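Colleague: This is the structure, below, for whatever I ask next.
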Amino acid sequence: MKATATANSNIALVKYWGKRNNELNLPNNSSISMSLNKLYTTTTVEFSNGIKTDSLIIDGKKASKEEIERTSKHLSIVRKLARKEIFARVESKNNFPKSAGLASSASGFAALSLAATKALDLHLDRKELSILARQGSGSASRSIEGGFVEWVKGSLEDGSDSYAKAIAPNDHWPELTMIVAVLTKKEKKTGSNAGMEKTPATSPFYKCWLDTVEQDLEKTKKAILEKNFSLLGKTAEMNCLKMHSTMLTTEPHLIYWEPETIKVIKEVLSLREQGTECYFTIDAGPQVKVLCMKKNSEKIKKYFSAMKEVKEIFVCTAGEGAKLTEKDLF
Ligand code: PMV
């Protein structure tokens, strides 16, 4: 009744923002992401009859009450599927800062879903795992598959048609690189769940977001399949700014950017003006992710490493989907 899984984090090229069902994490719009090979979470789950409650250690420290509750809620879905009333010891390790806009909840809930179902001897297929992971964190639905992924919003009330499907595998476009610039390792004040709950009802721009997202999805799929970097970068950057426009105009305002964020955005624009093609994308946090082609990645990495605002850099290509491993954390 013990298993360990690893899952890569993923960064959306077309973002998910706003839900039609908070309990099941059913989104108002479909989204597309790229799995990141260098950012991952490893999670070990052990169910045992001898324990009276679930426990959780993240990165060597006892997790907060909220984190334990969220994990326990997720484990209860797995317990229900397995028809077992049994608690678990969970230990999780990220190789990058958590809760800072680097999608640790995506890799975390994907790894947890795979490890917990395996530990209870449930054999879910990729679609079922994606549906399960989605209930822990929407973006986790996309970390089950590797490469380039679309999380289709679905329309059914029970969420059985809202899951992530592969668009192209991780070796489809080896030149495509995402450079993650970590600017601050502080945990953010408003998590994405709390944040996105307020936007649909309060932002005057949310309707515009929904009205244009279908076009962004079509352009992004085409760009991935045809390996058209300019189309991909332009669409992703614009989509990110549209999402942040709805965040900024949410009541209370969601300003996830820090001064360092703007500084890096300006540097991306200036690199582009000088002829090095690159584009930015940002999630619910201050970090900036820069899309570029492999031939420019060393230059861009050096450029950003020299900035005092940049604390750490990960140069990623498309990663694999969630998988089981023998390397238990305890
Ligand atoms: O899955 P969540 O609740 O962490 O929400 C993710 C929201 C964004 O990162 C801002 C966008 C996305 O699609 O990943």
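Going through the structure tokens in order, the chains are called A, B, and so on, while each chain numbers its residues from 1 and the ligands are numbered from 1 in the order shown.
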Would you list the residues that come within 10 Å of ligand 1? Count only C-alpha atoms and all ligand atoms and give the answer as a PyMOL selection string.
Modeller: chain A and resi 9-19+25+27+29-33+99+101-107+109+133-142+151+191-196+240+243-244+247+256+282-285
Colleague: Which residues are close to Asn296 of chain A, i.e. within 12 Å by only C-alpha atoms, leaving aside same-chain residues fewer than 5 positions away? Reply as a list of chain:residue names.
Modeller: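 Once the adjacent positions are removed, what remains is A:Glu175, A:Leu176, A:Thr177, A:Met178, A:Ile179, A:Leu271, A:Arg272, A:Gly275, A:Thr276, A:Glu277, A:Cys278, A:Val290, A:Leu291, A:Lys301, A:Lys302, A:Tyr303, A:Val315.
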Colleague: Which polymer residues have any atom within 7 Å of an atom of Ala318 of chain A, counting only C-alpha atoms, with same-chain residues fewer than 2 positions away left out, as a short mmCIF file (atom, residue, chain, number, x, y, z; two decimals) with C-alpha atoms, in the first residue's frame?
Modeller:
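Written out: part_22.cif:
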data_model
loop_
_atom_site.label_atom_id
_atom_site.label_comp_id
_atom_site.auth_asym_id
_atom_site.auth_seq_id
_atom_site.Cartn_x
_atom_site.Cartn_y
_atom_site.Cartn_z
CA MET A 34 3.69 22.67 -22.04
CA SER A 35 5.14 20.25 -19.51
CA LEU A 36 8.48 21.41 -18.05
CA ASN A 37 11.20 18.77 -17.85
CA GLY A 147 4.62 17.28 -23.97
CA ASN A 170 7.52 15.77 -25.53
CA CYS A 316 13.32 23.70 -19.74
#
Colleague: What lies within 10 Å of Pro174 of chain A using only C-alpha atoms, ignoring chain neighbours under 6 positions off, as a PyMOL selection string?
Modeller: chain A and resi 293-294+317-318
Colleague: Once you have the residues from the selection above, write them out as a compact mmCIF listing (two decimals), in the first residue's frame, restricted to C-alpha atoms.
Modeller:
# COMPACT_ATOMS: atom_id res chain seq x y z
CA MET A 293 14.24 28.67 -29.52
CA LYS A 294 17.10 26.45 -28.32
CA THR A 317 12.11 21.82 -22.76
CA ALA A 318 8.91 19.78 -22.96
Colleague: Using the chain letters and numbers from this document, which residues of segment 141-319 of chain A does DSSP assign to alpha helix (DSSP H), as a ChimeraX atom specification?
Modeller: /A:192-202,206-226,229-248,259-273,294-305
Colleague: One decimal, Å: what's the distance from atom CA of Thr41 of chain A over to atom CA of Leu329 of chain A, could you say?
Modeller: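 Computing the Euclidean distance for atom CA of Thr41 of chain A and atom CA of Leu329 of chain A yields 11.4 Å.
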Colleague: Find the residues near segment 202-213 of chain A: any atom within 6 Å, counting only C-alpha atoms, skip ones fewer than 6 places away on the same chain, and give them as a VMD selection string.
Modeller: chain A and resid 246 249 to 251
Colleague: Just how far from atom CA of Ser76 of chain A is atom CA of Asn22 of chain A, in Å to one decimal?
Modeller: 17.3 Å
Colleague: Write out as number ranges by chain all residues of segment 86-188 of chain A that DSSP puts in strand (DSSP E) for this structure's backbone.
Modeller: A: 87-94, 148-151, 164-168, 176-182
Colleague: For the selection just defined, write its residues with C-alpha atoms to a file, as a CSV table (one decimal), in the first residue's frame.
Modeller:
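Everything below was put into result-v4.csv:
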chain,number,residue,atom,x,y,z
A,87,PHE,CA,-5.4,6.9,6.2
A,88,ALA,CA,-2.0,7.7,4.6
A,89,ARG,CA,1.4,9.2,5.3
A,90,VAL,CA,2.4,11.5,2.5
A,91,GLU,CA,5.7,13.0,1.8
A,92,SER,CA,6.4,15.3,-1.2
A,93,LYS,CA,9.5,17.1,-2.5
A,94,ASN,CA,9.7,19.8,-5.1
A,148,PHE,CA,1.9,19.7,-25.2
A,149,VAL,CA,-1.5,19.2,-23.7
A,150,GLU,CA,-5.0,20.6,-24.0
A,151,TRP,CA,-7.3,20.5,-21.0
A,164,ALA,CA,-6.4,16.8,-20.5
A,165,LYS,CA,-5.5,15.3,-23.9
A,166,ALA,CA,-2.2,15.2,-25.6
A,167,ILE,CA,-1.7,17.5,-28.5
A,168,ALA,CA,1.9,16.4,-29.3
A,176,LEU,CA,11.2,25.0,-28.1
A,177,THR,CA,12.6,26.2,-24.8
A,178,MET,CA,11.0,27.8,-21.7
A,179,ILE,CA,13.3,29.7,-19.5
A,180,VAL,CA,11.9,30.1,-16.0
A,181,ALA,CA,13.2,33.1,-14.1
A,182,VAL,CA,12.6,32.9,-10.4
